[in-house]
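Listing of work16.cif, mmCIF, C-alpha atoms and all ligand atoms
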data_data
#
loop_
_atom_site.label_atom_id
_atom_site.label_comp_id
_atom_site.auth_asym_id
_atom_site.auth_seq_id
_atom_site.Cartn_x
_atom_site.Cartn_y
_atom_site.Cartn_z
CA MET A 1 85.11 111.22 82.71
CA ASN A 2 82.24 113.72 82.66
CA ASP A 3 83.60 116.51 84.86
CA ARG A 4 81.28 119.33 83.75
CA PHE A 5 79.78 119.56 87.22
CA LEU A 6 83.16 119.83 88.98
CA ARG A 7 84.38 122.34 86.40
CA ALA A 8 81.32 124.53 86.92
CA CYS A 9 81.80 124.37 90.70
CA ARG A 10 85.29 125.81 90.09
CA ARG A 11 83.86 128.37 87.58
CA GLU A 12 85.90 126.89 84.72
CA PRO A 13 84.59 126.81 81.12
CA VAL A 14 82.14 123.97 80.32
CA ASP A 15 80.87 122.48 77.04
CA ALA A 16 77.30 122.60 78.38
CA THR A 17 75.64 123.60 81.65
CA PRO A 18 75.76 120.70 84.14
CA VAL A 19 72.46 119.54 85.61
CA TRP A 20 71.45 117.28 88.47
CA PHE A 21 68.54 117.31 90.92
CA MET A 22 68.25 117.32 94.67
CA ARG A 23 66.27 114.18 95.57
CA GLN A 24 66.93 112.80 92.10
CA ALA A 25 66.68 109.31 93.60
CA GLY A 26 63.26 108.82 95.12
CA ARG A 27 59.58 108.23 94.87
CA TYR A 28 58.91 109.87 91.50
CA MET A 29 60.84 106.97 89.93
CA PRO A 30 58.97 103.66 89.40
CA GLU A 31 62.25 101.77 89.95
CA TYR A 32 62.53 103.37 93.40
CA ARG A 33 58.92 102.62 94.34
CA ALA A 34 59.46 98.97 93.36
CA LEU A 35 62.39 98.66 95.80
CA ARG A 36 60.53 100.61 98.51
CA ALA A 37 57.68 98.09 98.27
CA LYS A 38 60.14 95.53 99.66
CA HIS A 39 62.31 97.62 102.01
CA SER A 40 61.88 100.55 104.37
CA MET A 41 63.65 103.84 103.65
CA LEU A 42 66.13 103.13 106.47
CA GLU A 43 66.78 99.59 105.19
CA LEU A 44 67.63 101.05 101.79
CA CYS A 45 70.06 103.51 103.40
CA ARG A 46 71.66 100.89 105.65
CA THR A 47 72.23 98.25 102.96
CA PRO A 48 75.09 99.52 100.76
CA GLU A 49 74.23 97.28 97.78
CA LEU A 50 70.66 98.66 97.77
CA ALA A 51 71.74 102.25 98.39
CA VAL A 52 74.13 102.00 95.42
CA GLN A 53 71.31 100.63 93.28
CA VAL A 54 68.99 103.51 94.26
CA SER A 55 71.71 106.15 93.72
CA MET A 56 72.28 104.73 90.22
CA GLN A 57 68.59 104.79 89.21
CA PRO A 58 68.51 108.44 88.06
CA VAL A 59 72.01 108.14 86.53
CA ASN A 60 70.78 105.22 84.43
CA ALA A 61 67.49 106.89 83.52
CA MET A 62 68.93 110.20 82.26
CA PRO A 63 72.32 111.82 81.60
CA VAL A 64 72.58 113.84 84.82
CA ASP A 65 76.02 115.33 85.46
CA ALA A 66 76.34 114.26 89.10
CA ALA A 67 75.25 111.38 91.28
CA ILE A 68 74.31 111.96 94.92
CA VAL A 69 74.71 109.17 97.44
CA PHE A 70 71.39 107.75 98.63
CA ALA A 71 71.22 108.53 102.35
CA ASP A 72 69.45 111.09 104.54
CA ILE A 73 70.53 114.13 106.52
CA LEU A 74 69.00 112.58 109.66
CA LEU A 75 71.15 109.41 109.70
CA PRO A 76 73.73 110.84 112.19
CA LEU A 77 71.02 111.42 114.80
CA GLU A 78 70.67 107.77 115.78
CA PRO A 79 74.34 107.17 116.63
CA MET A 80 74.23 110.41 118.66
CA GLY A 81 71.51 108.86 120.79
CA ALA A 82 68.38 110.25 119.09
CA PRO A 83 66.69 107.41 117.17
CA PHE A 84 63.96 108.27 114.67
CA GLU A 85 61.82 106.68 112.00
CA PHE A 86 60.25 107.77 108.75
CA ALA A 87 56.56 107.39 109.53
CA LYS A 88 54.22 106.92 106.60
CA GLY A 89 52.62 110.21 105.61
CA GLU A 90 54.23 112.12 108.48
CA GLY A 91 57.86 112.33 107.51
CA PRO A 92 60.59 111.92 110.12
CA VAL A 93 59.63 111.29 113.76
CA VAL A 94 62.33 111.63 116.44
CA HIS A 95 61.28 109.36 119.30
CA LYS A 96 62.53 111.54 122.17
CA PRO A 97 62.81 115.15 121.02
CA ILE A 98 65.24 117.48 122.78
CA ARG A 99 63.43 119.76 125.18
CA SER A 100 65.91 120.50 127.98
CA VAL A 101 69.53 121.35 128.69
CA GLU A 102 69.96 117.79 130.04
CA ASP A 103 68.70 116.35 126.73
CA VAL A 104 71.40 118.34 124.89
CA ASP A 105 74.12 117.12 127.21
CA ALA A 106 72.95 113.51 126.87
CA LEU A 107 73.65 113.50 123.11
CA HIS A 108 77.00 111.92 122.45
CA SER A 109 79.72 111.91 119.88
CA PHE A 110 80.62 108.75 117.94
CA GLU A 111 83.18 107.38 115.50
CA ILE A 112 81.88 107.94 111.96
CA ALA A 113 83.28 104.59 110.75
CA GLU A 114 81.25 102.85 113.47
CA GLY A 115 77.97 104.77 113.47
CA LEU A 116 77.76 105.57 109.75
CA GLY A 117 80.13 103.02 108.20
CA TYR A 118 77.33 101.88 105.89
CA VAL A 119 77.18 105.30 104.18
CA LEU A 120 80.96 105.24 103.70
CA GLU A 121 80.76 101.76 102.20
CA THR A 122 77.98 102.92 99.86
CA LEU A 123 80.14 105.83 98.69
CA THR A 124 83.12 103.57 97.95
CA LEU A 125 81.01 101.03 96.06
CA LEU A 126 79.13 103.77 94.21
CA ARG A 127 82.29 105.57 93.11
CA ARG A 128 83.51 102.28 91.60
CA GLU A 129 80.12 101.61 89.98
CA LEU A 130 80.00 105.12 88.44
CA ASP A 131 83.41 104.54 86.88
CA GLY A 132 83.77 108.18 85.79
CA ARG A 133 80.31 108.52 84.23
CA CYS A 134 79.76 111.53 86.49
CA PRO A 135 81.15 112.81 89.80
CA LEU A 136 79.80 111.65 93.15
CA ILE A 137 78.32 114.08 95.68
CA GLY A 138 78.31 113.34 99.42
CA PHE A 139 76.18 115.40 101.78
CA ALA A 140 75.12 116.21 105.31
CA GLY A 141 72.56 118.34 107.10
CA ALA A 142 73.67 121.68 108.53
CA PRO A 143 73.55 122.17 112.32
CA PHE A 144 70.42 124.37 112.43
CA THR A 145 68.34 122.13 110.16
CA LEU A 146 69.38 119.02 112.12
CA ALA A 147 68.71 120.76 115.45
CA SER A 148 65.24 121.71 114.22
CA TYR A 149 64.34 118.04 113.68
CA LEU A 150 65.81 117.10 117.06
CA ILE A 151 63.87 119.80 118.91
CA GLU A 152 60.58 119.79 116.98
CA GLY A 153 60.61 115.98 116.82
CA GLY A 154 59.63 116.07 113.16
CA ARG A 155 58.57 118.47 110.51
CA SER A 156 57.40 121.92 111.48
CA THR A 157 55.70 124.98 110.05
CA HIS A 158 56.71 127.73 112.45
CA PHE A 159 59.73 126.19 114.23
CA GLU A 160 58.48 127.63 117.50
CA LYS A 161 60.00 124.92 119.71
CA THR A 162 63.39 125.36 118.07
CA LYS A 163 63.29 129.14 118.34
CA SER A 164 61.97 129.15 121.87
CA PHE A 165 64.85 126.85 122.92
CA MET A 166 67.32 129.08 121.07
CA TYR A 167 66.04 132.19 122.87
CA SER A 168 65.55 130.72 126.34
CA GLU A 169 68.65 128.47 126.49
CA PRO A 170 71.14 130.14 124.14
CA GLU A 171 74.16 128.43 125.68
CA ALA A 172 72.67 124.95 125.48
CA PHE A 173 71.46 125.71 121.94
CA SER A 174 75.01 126.69 121.04
CA ARG A 175 76.38 123.48 122.64
CA LEU A 176 73.84 121.50 120.60
CA LEU A 177 74.92 123.15 117.36
CA ALA A 178 78.58 122.65 118.29
CA LYS A 179 77.99 118.91 118.85
CA LEU A 180 76.19 118.61 115.53
CA SER A 181 78.94 120.61 113.81
CA ASP A 182 81.66 118.35 115.17
CA VAL A 183 79.89 115.20 113.97
CA THR A 184 79.11 116.81 110.60
CA SER A 185 82.70 117.95 110.00
CA ARG A 186 84.05 114.48 110.70
CA TYR A 187 81.28 112.86 108.65
CA LEU A 188 82.04 115.03 105.60
CA ARG A 189 85.76 114.30 105.89
CA ALA A 190 85.05 110.55 106.05
CA GLN A 191 82.79 110.85 102.99
CA VAL A 192 85.59 112.42 100.94
CA GLN A 193 88.01 109.72 102.12
CA ALA A 194 85.42 107.11 101.04
CA GLY A 195 85.11 108.58 97.54
CA ALA A 196 82.88 111.69 97.49
CA GLN A 197 84.16 114.22 94.92
CA ALA A 198 81.99 117.14 96.06
CA LEU A 199 79.90 117.85 99.15
CA GLN A 200 76.57 119.56 99.76
CA LEU A 201 75.56 120.97 103.13
CA PHE A 202 71.74 121.12 103.38
CA ASP A 203 70.50 123.95 105.59
CA SER A 204 66.99 123.46 104.24
CA TRP A 205 65.06 125.35 106.94
CA VAL A 206 67.52 128.11 107.86
CA GLY A 207 65.41 130.63 105.90
CA GLN A 208 63.04 130.57 108.88
CA LEU A 209 65.50 132.74 110.81
CA SER A 210 65.94 136.48 110.83
CA LEU A 211 69.32 137.69 109.62
CA THR A 212 70.25 138.79 113.14
CA ASP A 213 69.41 135.42 114.68
CA TYR A 214 71.22 133.60 111.86
CA GLN A 215 74.35 135.66 112.44
CA GLN A 216 74.20 135.37 116.21
CA HIS A 217 73.13 131.77 116.77
CA VAL A 218 73.89 129.79 113.62
CA ALA A 219 76.52 131.27 111.27
CA PRO A 220 79.58 130.60 113.49
CA HIS A 221 78.71 126.88 113.63
CA VAL A 222 78.05 126.62 109.90
CA LYS A 223 81.30 128.44 109.26
CA SER A 224 83.28 125.92 111.29
CA VAL A 225 81.75 123.03 109.30
CA LEU A 226 82.33 124.75 105.95
CA ASP A 227 85.90 125.82 106.81
CA ASP A 228 86.71 122.20 107.59
CA ALA A 229 84.90 120.91 104.49
CA GLN A 230 86.65 123.36 102.18
CA SER A 231 90.03 122.30 103.54
CA LEU A 232 89.34 118.85 102.03
CA GLY A 233 89.98 120.17 98.51
CA VAL A 234 86.58 119.31 96.99
CA PRO A 235 83.84 121.77 95.98
CA VAL A 236 81.29 122.42 98.73
CA ILE A 237 77.71 123.47 97.95
CA HIS A 238 76.02 125.53 100.68
CA PHE A 239 72.25 125.21 100.24
CA GLY A 240 69.15 126.55 101.93
CA THR A 241 65.62 127.65 101.03
CA GLY A 242 63.86 130.94 101.75
CA THR A 243 67.31 132.46 102.09
CA ALA A 244 67.03 135.65 100.00
CA THR A 245 67.68 137.79 103.08
CA LEU A 246 70.48 135.53 104.35
CA LEU A 247 72.49 134.96 101.19
CA THR A 248 75.44 137.25 101.88
CA ALA A 249 75.69 135.94 105.44
CA MET A 250 75.55 132.37 104.11
CA ARG A 251 78.23 133.21 101.55
CA ASP A 252 80.40 134.61 104.34
CA ALA A 253 79.87 131.42 106.36
CA GLY A 254 81.39 129.49 103.46
CA GLY A 255 80.95 127.18 100.49
CA THR A 256 82.38 127.27 96.97
CA VAL A 257 78.88 127.07 95.48
CA LEU A 258 75.71 128.67 96.87
CA GLY A 259 72.43 126.84 96.29
CA VAL A 260 69.46 129.18 95.82
CA ASP A 261 65.71 128.58 95.63
CA TRP A 262 63.21 129.96 93.06
CA ARG A 263 61.78 132.85 95.06
CA GLU A 264 63.88 135.42 93.29
CA PRO A 265 65.57 135.38 89.86
CA ILE A 266 68.86 133.49 89.99
CA THR A 267 70.81 136.52 88.78
CA THR A 268 69.36 138.74 91.52
CA ALA A 269 70.62 136.23 94.06
CA TRP A 270 73.94 135.86 92.23
CA ASP A 271 74.47 139.65 92.13
CA ARG A 272 74.21 139.68 95.89
CA ILE A 273 76.50 136.66 96.32
CA GLY A 274 79.05 138.17 93.96
CA PRO A 275 81.09 136.77 91.05
CA ASN A 276 83.55 134.74 93.12
CA HIS A 277 81.09 131.91 93.80
CA ALA A 278 79.38 129.38 91.60
CA VAL A 279 75.59 129.20 91.94
CA GLN A 280 73.28 126.18 91.82
CA GLY A 281 69.56 126.41 91.04
CA ASN A 282 66.89 127.48 90.75
CA LEU A 283 63.77 126.14 88.96
CA ASP A 284 60.68 125.84 91.16
CA PRO A 285 60.14 122.04 91.64
CA ALA A 286 56.40 122.58 91.06
CA VAL A 287 57.08 123.88 87.54
CA LEU A 288 57.75 120.24 86.56
CA PHE A 289 53.99 119.66 86.80
CA ALA A 290 53.32 122.33 84.15
CA PRO A 291 52.91 121.70 80.40
CA TRP A 292 56.28 121.18 78.70
CA GLU A 293 56.15 124.62 77.00
CA VAL A 294 56.09 126.29 80.42
CA VAL A 295 58.92 124.12 81.79
CA GLU A 296 61.03 124.89 78.73
CA ALA A 297 60.39 128.65 78.88
CA LYS A 298 61.32 128.81 82.55
CA ALA A 299 64.45 126.68 82.08
CA ARG A 300 65.43 128.79 79.09
CA ALA A 301 65.05 131.99 81.13
CA ILE A 302 67.43 130.63 83.77
CA LEU A 303 69.97 129.56 81.12
CA ASP A 304 69.72 132.84 79.18
CA SER A 305 70.24 134.95 82.28
CA THR A 306 73.27 132.96 83.48
CA ARG A 307 74.98 132.35 80.14
CA ASP A 308 77.69 134.98 80.65
CA ARG A 309 78.45 133.91 84.19
CA PRO A 310 80.91 131.07 84.67
CA GLY A 311 79.86 128.61 87.38
CA HIS A 312 76.15 127.91 86.90
CA ILE A 313 74.92 124.46 87.89
CA PHE A 314 71.34 123.84 86.82
CA ASN A 315 69.15 122.34 89.55
CA LEU A 316 65.76 122.88 91.13
CA GLY A 317 65.38 125.34 93.99
CA HIS A 318 64.55 122.41 96.30
CA GLY A 319 64.10 118.64 95.97
CA ILE A 320 62.06 116.88 93.26
CA LEU A 321 58.50 116.31 94.52
CA PRO A 322 57.33 112.69 94.82
CA THR A 323 54.67 112.76 92.08
CA THR A 324 56.78 114.57 89.43
CA PRO A 325 56.45 113.02 85.94
CA VAL A 326 59.72 111.23 85.12
CA GLU A 327 59.42 112.11 81.41
CA THR A 328 59.48 115.83 82.22
CA VAL A 329 62.64 115.43 84.29
CA GLN A 330 64.34 113.48 81.48
CA ARG A 331 63.29 116.01 78.89
CA LEU A 332 64.58 118.85 81.06
CA VAL A 333 68.04 117.26 81.37
CA ASP A 334 68.28 116.98 77.57
CA PHE A 335 66.99 120.51 77.11
CA VAL A 336 69.54 122.02 79.53
CA HIS A 337 72.39 120.23 77.76
CA GLU A 338 71.29 120.97 74.20
CA TYR A 339 70.26 124.57 74.72
CA SER A 340 73.35 125.55 76.74
CA ALA A 341 75.73 123.73 74.34
CA ASN A 342 74.34 125.65 71.35
CA LYS A 343 74.66 128.88 73.29
CA ALA A 344 78.28 128.04 74.10
CA GLU A 345 79.02 127.48 70.39
CA SER A 346 77.34 130.64 69.16
CA ALA A 347 78.96 132.80 71.87
O1 LIG B 401 68.94 113.65 96.72
C1 LIG B 401 68.98 112.41 96.68
O2 LIG B 401 68.52 111.75 95.75
C2 LIG B 401 69.72 111.70 97.80
C3 LIG B 401 68.93 111.30 98.89
C4 LIG B 401 68.35 112.28 99.89
C5 LIG B 401 67.23 111.93 100.68
N1 LIG B 401 67.05 112.90 101.61
C6 LIG B 401 66.44 110.71 100.51
C7 LIG B 401 65.09 110.65 101.10
C8 LIG B 401 68.81 113.52 100.33
C9 LIG B 401 69.94 114.39 99.80
C10 LIG B 401 67.97 113.90 101.42
C11 LIG B 401 68.17 115.14 102.19
C12 LIG B 401 67.17 115.51 103.20
N2 LIG B 401 66.46 114.71 104.05
C13 LIG B 401 66.83 116.85 103.50
C14 LIG B 401 67.48 118.06 102.87
C15 LIG B 401 66.90 118.31 101.52
C16 LIG B 401 65.54 118.90 101.56
O3 LIG B 401 64.65 118.30 100.95
O4 LIG B 401 65.39 119.95 102.17
C17 LIG B 401 65.86 116.83 104.50
C18 LIG B 401 65.20 118.03 105.14
C19 LIG B 401 65.64 115.48 104.86
C20 LIG B 401 64.75 114.96 105.91
C21 LIG B 401 63.72 114.07 105.37
N3 LIG B 401 63.95 112.80 104.87
C22 LIG B 401 62.34 114.32 105.29
C23 LIG B 401 61.66 115.61 105.73
C24 LIG B 401 61.74 113.17 104.74
C25 LIG B 401 60.30 112.88 104.61
C26 LIG B 401 59.61 113.79 103.68
C27 LIG B 401 59.27 113.04 102.47
O5 LIG B 401 59.66 113.50 101.38
O6 LIG B 401 58.56 112.05 102.62
C28 LIG B 401 62.77 112.27 104.44
C29 LIG B 401 62.61 110.95 103.78
C30 LIG B 401 63.37 110.72 102.53
N4 LIG B 401 64.69 111.03 102.34
C31 LIG B 401 62.87 110.12 101.34
C32 LIG B 401 63.94 110.06 100.44
C33 LIG B 401 63.94 109.46 99.06
C34 LIG B 401 61.48 109.58 101.15
C35 LIG B 401 61.47 108.25 101.81
C36 LIG B 401 60.46 107.28 101.28
O7 LIG B 401 60.78 106.57 100.33
O8 LIG B 401 59.38 107.20 101.86
#
Rewritten as structure tokens:
Amino acid sequence: MNDRFLRACRREPVDATPVWFMRQAGRYMPEYRALRAKHSMLELCRTPELAVQVSMQPVNAMPVDAAIVFADILLPLEPMGAPFEFAKGEGPVVHKPIRSVEDVDALHSFEIAEGLGYVLETLTLLRRELDGRCPLIGFAGAPFTLASYLIEGGRSTHFEKTKSFMYSEPEAFSRLLAKLSDVTSRYLRAQVQAGAQALQLFDSWVGQLSLTDYQQHVAPHVKSVLDDAQSLGVPVIHFGTGTATLLTAMRDAGGTVLGVDWREPITTAWDRIGPNHAVQGNLDPAVLFAPWEVVEAKARAILDSTRDRPGHIFNLGHGILPTTPVETVQRLVDFVHEYSANKAESA
């Protein structure tokens, strides 16, 4: 069993730095594009045999140290009463965005096994298929990031609808985040019961908030989700982007591992987080389009700066971009393993 990733999450010694990538299954892989030519994104998610196949594609193409279940953070929205689709070129589109207090109160709770049973089945099948090759990560969206899709109706640059709702209807906004938190807590628990060995909570867009607004409107909800998740006994990665100013508040909200983006050096972020947490990151996904020498130098800088700190998980600062060259990703995985293993020996 390759347990480097789980060991690093617990800040235990490792033979080499573990590496995996957010969005490691997806459009940059020809195998994925071939399946997507025949099935929609939601069909892939909702058909466990296909979702297992897609989750295995990166694991089969390169020796990553973790698999992540193929699903999407938005899947819980439909069983709550907010159907959406992935529209070509536009990203997610929520058919009836939330714009009023009544819309919030109309969202409902649901049994995870009923509304998202297909994700649980995928996890169970995938865990069997992996057979110890690497650990399996389950995941969910954090309440603010999910609420932003529900309120904006899709992707956003300034998040003005979300923020204006938060400021003008703070109680309804809090009820919305509480509903999302309840579903997310139960969903994460069900994922661990189905076979997930670690969890990642994606708060991708939380960096849009000021520290004060994060602490007032968001942190208590995230904390309730992360408290519940950490009681499950598996490592929990708490991830966001643009979070340099929020990191200590995010750490206080919870998570055994903090995921950080590339906007500041990983050790600057880690110094602020403190030595009692593992850290995941933080290569800029766009660096993978650079000549190999540049990729290698930037990866080496991350590994050199973290070598004396137990608990580093190598990853990008955000998901792999759809046109990333596969060969660069494969070469990076080998480089991280080889370079960090030699460092471990010579230490
Ligand atoms: O990491 C993995 O390999 C597992 C699968 C995964 C997907 N989405 C598959 C996906 C994971 C972990 C996610 C998380 C997710 N989804 C996040 C958080 C991570 C992040 O990037 O910040 C967010 C914000 C979403 C919402 C979402 N899903 C968007 C904005 C889009 C469209 C944008 C785009 O890239 O086209 C999706 C669609 C989506 N989710 C795709 C994949 C592989 C592309 C679908 C396709 O094939 O067309």
For range 300-316 of chain A, please output as number ranges by chain all residues within 9 Å (counting all atoms listed in the file; exclusion window: fewer than 4 positions along the same chain).
A: 5, 7-14, 17-22, 257, 259-262, 265-267, 275, 277-285, 295-296, 320, 335-336, 339-340, 343-344
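Pairwise distance (atom O2 of ligand LIG 401 (chain B), CA of Phe86 in chain A) equals 15.9 Å.
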Might you pull out every residue within 12 Å of Ser168 in chain A, with only C-alpha atoms counted and same-chain residues fewer than 6 positions away left off, and present them as an MDAnalysis selection string?
chainID A and resid 99:101 160:162 174
Nearest-residue call for ligand LIG 401 (chain B), choices A:Asp271, A:Glu129, A:Asp228, A:Asp203, using all atoms listed in the file:
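Closest candidate: A:Asp203.
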Hey, which residues come within 6 Å of ligand LIG 401 (chain B) if we count only C-alpha atoms and all ligand atoms? Could you give them as a PyMOL selection string?
chain A and resi 22-27+41+68-73+91-92+202+204+319
Same residues, C-alpha atoms, output as a PDB file, in the coordinates of the input:
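Everything below was put into out05.pdb:
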ATOM      1  CA  MET A  22      68.250 117.320  94.670  1.00  0.00           C
ATOM      2  CA  ARG A  23      66.270 114.180  95.570  1.00  0.00           C
ATOM      3  CA  GLN A  24      66.930 112.800  92.100  1.00  0.00           C
ATOM      4  CA  ALA A  25      66.680 109.310  93.600  1.00  0.00           C
ATOM      5  CA  GLY A  26      63.260 108.820  95.120  1.00  0.00           C
ATOM      6  CA  ARG A  27      59.580 108.230  94.870  1.00  0.00           C
ATOM      7  CA  MET A  41      63.650 103.840 103.650  1.00  0.00           C
ATOM      8  CA  ILE A  68      74.310 111.960  94.920  1.00  0.00           C
ATOM      9  CA  VAL A  69      74.710 109.170  97.440  1.00  0.00           C
ATOM     10  CA  PHE A  70      71.390 107.750  98.630  1.00  0.00           C
ATOM     11  CA  ALA A  71      71.220 108.530 102.350  1.00  0.00           C
ATOM     12  CA  ASP A  72      69.450 111.090 104.540  1.00  0.00           C
ATOM     13  CA  ILE A  73      70.530 114.130 106.520  1.00  0.00           C
ATOM     14  CA  GLY A  91      57.860 112.330 107.510  1.00  0.00           C
ATOM     15  CA  PRO A  92      60.590 111.920 110.120  1.00  0.00           C
ATOM     16  CA  PHE A 202      71.740 121.120 103.380  1.00  0.00           C
ATOM     17  CA  SER A 204      66.990 123.460 104.240  1.00  0.00           C
ATOM     18  CA  GLY A 319      64.100 118.640  95.970  1.00  0.00           C
TER      19      GLY A 319
END
Nearest-residue call for Leu247 in chain A, choices A:Cys134, A:Leu176, A:Val94, A:Ile273, using only C-alpha atoms:
A:Ile273
Point out the residue among A:Thr184, A:Thr268, A:Thr323, A:Gln200 with the least atom-to-atom distance to His221 in chain A, counting only C-alpha atoms.
A:Thr184
Go ahead and compute the interatomic distance for CA of Asp15 in chain A and CA of Asp65 in chain A, in Å to one decimal.
12.1 Å
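Shortest separation to Arg133 in chain A among A:Ala61, A:Leu332, A:Ala67, A:Ala249 occurs at residue A:Ala67, atoms counted being all atoms listed in the file.
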Quick one: residues within 9 Å of Leu107 in chain A, only C-alpha atoms, excluding same-chain residues fewer than 3 positions away - as a list in words?
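With the cut-off at 9 Å, the set is Leu77, Met80, Gly81, Ala82, Glu102, Asp103, Val104, Leu176 and Lys179 of chain A.
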I want to know what sits within 10 Å of Gln330 in chain A, based on all atoms listed in the file, with residues of the same chain fewer than 5 positions away left out; could you give that as a VMD selection string?
chain A and resid 58 61 to 64 325 335
Between CA of Ala299 in chain A and CA of Ala341 in chain A, measure the distance and give it in Å to one decimal.
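Between these atoms lies a distance of 14.0 Å.
Nearest-residue note for Gln57 in chain A: choosing from A:Pro83, A:Gly240, A:Pro30, A:Pro220, the minimum distance belongs to A:Pro30, counting all atoms listed in the file.
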Please provide as a short mmCIF file (atom, residue, chain, number, x, y, z; two decimals) with C-alpha atoms, in the coordinates of the input all residues within 6 Å of Leu258 in chain A, with the sequence filter that same-chain residues fewer than 2 positions apart are discarded (counting all atoms listed in the file).
data_model
loop_
_atom_site.label_atom_id
_atom_site.label_comp_id
_atom_site.auth_asym_id
_atom_site.auth_seq_id
_atom_site.Cartn_x
_atom_site.Cartn_y
_atom_site.Cartn_z
CA ILE A 237 77.71 123.47 97.95
CA HIS A 238 76.02 125.53 100.68
CA PHE A 239 72.25 125.21 100.24
CA VAL A 279 75.59 129.20 91.94
#
Can you rebuild range 70-82 of chain A with N, CA, C and O atoms and give it as an mmCIF file, in the coordinates of the input?
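Okay, out-v7.cif is ready:
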data_model
loop_
_atom_site.group_PDB
_atom_site.id
_atom_site.type_symbol
_atom_site.label_atom_id
_atom_site.label_comp_id
_atom_site.auth_asym_id
_atom_site.auth_seq_id
_atom_site.Cartn_x
_atom_site.Cartn_y
_atom_site.Cartn_z
ATOM 1 N N PHE A 70 72.695 107.915 98.011
ATOM 2 C CA PHE A 70 71.390 107.750 98.630
ATOM 3 C C PHE A 70 71.580 107.552 100.135
ATOM 4 O O PHE A 70 72.147 106.561 100.589
ATOM 5 N N ALA A 71 71.105 108.517 100.883
ATOM 6 C CA ALA A 71 71.220 108.530 102.350
ATOM 7 C C ALA A 71 70.218 109.560 102.831
ATOM 8 O O ALA A 71 69.327 109.943 102.079
ATOM 9 N N ASP A 72 70.337 110.014 104.066
ATOM 10 C CA ASP A 72 69.450 111.090 104.540
ATOM 11 C C ASP A 72 70.205 111.952 105.536
ATOM 12 O O ASP A 72 71.070 111.450 106.261
ATOM 13 N N ILE A 73 69.849 113.228 105.583
ATOM 14 C CA ILE A 73 70.530 114.130 106.520
ATOM 15 C C ILE A 73 70.335 113.706 107.975
ATOM 16 O O ILE A 73 71.115 114.084 108.834
ATOM 17 N N LEU A 74 69.291 112.919 108.257
ATOM 18 C CA LEU A 74 69.000 112.580 109.660
ATOM 19 C C LEU A 74 69.785 111.375 110.163
ATOM 20 O O LEU A 74 69.777 111.089 111.369
ATOM 21 N N LEU A 75 70.484 110.655 109.281
ATOM 22 C CA LEU A 75 71.150 109.410 109.700
ATOM 23 C C LEU A 75 72.101 109.585 110.892
ATOM 24 O O LEU A 75 72.174 108.690 111.736
ATOM 25 N N PRO A 76 72.832 110.722 111.027
ATOM 26 C CA PRO A 76 73.730 110.840 112.190
ATOM 27 C C PRO A 76 73.009 110.943 113.534
ATOM 28 O O PRO A 76 73.634 110.787 114.588
ATOM 29 N N LEU A 77 71.706 111.207 113.509
ATOM 30 C CA LEU A 77 71.020 111.420 114.800
ATOM 31 C C LEU A 77 71.002 110.140 115.632
ATOM 32 O O LEU A 77 71.199 110.190 116.849
ATOM 33 N N GLU A 78 70.766 109.014 114.998
ATOM 34 C CA GLU A 78 70.670 107.770 115.780
ATOM 35 C C GLU A 78 71.949 107.455 116.539
ATOM 36 O O GLU A 78 71.904 107.257 117.760
ATOM 37 N N PRO A 79 73.114 107.430 115.855
ATOM 38 C CA PRO A 79 74.340 107.170 116.630
ATOM 39 C C PRO A 79 74.685 108.248 117.655
ATOM 40 O O PRO A 79 75.518 108.020 118.530
ATOM 41 N N MET A 80 74.031 109.406 117.602
ATOM 42 C CA MET A 80 74.230 110.410 118.660
ATOM 43 C C MET A 80 73.296 110.155 119.849
ATOM 44 O O MET A 80 73.360 110.862 120.852
ATOM 45 N N GLY A 81 72.416 109.183 119.694
ATOM 46 C CA GLY A 81 71.510 108.860 120.790
ATOM 47 C C GLY A 81 70.102 109.397 120.593
ATOM 48 O O GLY A 81 69.349 109.511 121.559
ATOM 49 N N ALA A 82 69.733 109.743 119.374
ATOM 50 C CA ALA A 82 68.380 110.250 119.090
ATOM 51 C C ALA A 82 67.747 109.451 117.946
ATOM 52 O O ALA A 82 67.690 109.930 116.812
#
